[in-house]
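These notes concern the structure reproduced below.
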Amino acid sequence: MIYDRILLTGAAGLLGSVLRNRLAPQVKLLRSTDITELTNAAPNEELVKADLGDLSAAAGLVKGIDAIVHFGGLSKDADFVSICRVNIAGFQSLYEAARLAGVKRVVFASSVHAIGFYDQNDVIGTNAPLRPDSNYGVAKAFGENLAQLYWDKHGLETVSIRIGSSEPKPSTRRHLRTWLSFDDMCQLVECSLTAPRVRHTVVYGASNNAASFWDNTLARHLGYTPKDSADDFRDEIFASDSRPDRDDVVNRLQGGVFCR
Ligand code: 15L
């Protein structure tokens, strides 16, 4: 790992918990934070309970940190005021604190919901214009724009990972196109931290799914090579998830239920 001191936000979440275990043995210091109490610190791990919507918390979180893995904030759609407080204002204060503290790189958990209004028949690259599908998606789009600003103006690098559906295993027809296994998710975060030069790179967080909506060609410098595939679960999924009704936007658009 080229960065010794890492801040992990959202460390109590589904993906944050997986990342905590994967990152701790690879760095000198892992500072894990969440709004929920964290327990069982690794020997090199600091646990900090903090609310990302409390703008005064950011400076303390980033102190002495080289890189941030930002998986914190609301992970579902919500009313705009709540989204704005944590996923927009909280994110901006984290970036500003990071800039002032000399942080070198951010790995940002963006989402399919930043581009959720593309049709499921579209195959899009990482340079396709943003088409958010919800307040949550607007905040992810804001985050990607903020990352671009902090690269262009301040030289702070970011990899924005547009995570599809990161679950223990795929269980719906949509997952055949959006699934990201936990191992591939960890590999993508590690690549994002170790690639020598990323500027602001956008990459889709998906496993090696044959029916993917997404083309990662422009992010190949990250060296991400997904090892898992939702295709291995195809028969199981087809048996349990009935043929989709294409008149329902949920089955027609990439963002699924967030597009309703
Ligand atoms: C997301 O961004 C959510 O955090 C997750 O819970 C899933 O809904 C995922 O998108 C998805 O669309 O599958």
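By order of appearance in the structure tokens: chains A, B, ..., then residues from 1 within every chain, and ligands from 1 in the order shown.
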
Taking only C-alpha atoms and all ligand atoms into account, report as a VMD selection string which residues have an atom no farther than 9 Å from an atom of ligand 1.
chain A and resid 74 to 77 109 to 114 116 136 to 137 162 to 167 174 to 175 178 to 179 254 to 258

Considering only strand (DSSP E or B) as DSSP defines it on the backbone, what residues of range 103-206 of chain A qualify? List them as an NGL selection string.
:A and (105-111 or 119 or 124-125 or 157-163 or 165 or 179 or 200-205)

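Residues lying within 6 Å of range 54-59 of chain A, counting only C-alpha atoms and ignoring same-chain neighbours fewer than 6 positions away, are Gly90, Ser93, Leu94 and Ala97 of chain A.
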
Applying 9 Å and only C-alpha atoms, which residues near Pro168 in chain A remain after dropping the ones on its own chain fewer than 6 positions away? List them as number ranges by chain.
A: 180-182

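The closest residue to Arg99 in chain A, picked from A:Gly125, A:Gly143, A:Pro244, A:Gly155 and counting only C-alpha atoms, is A:Gly155.
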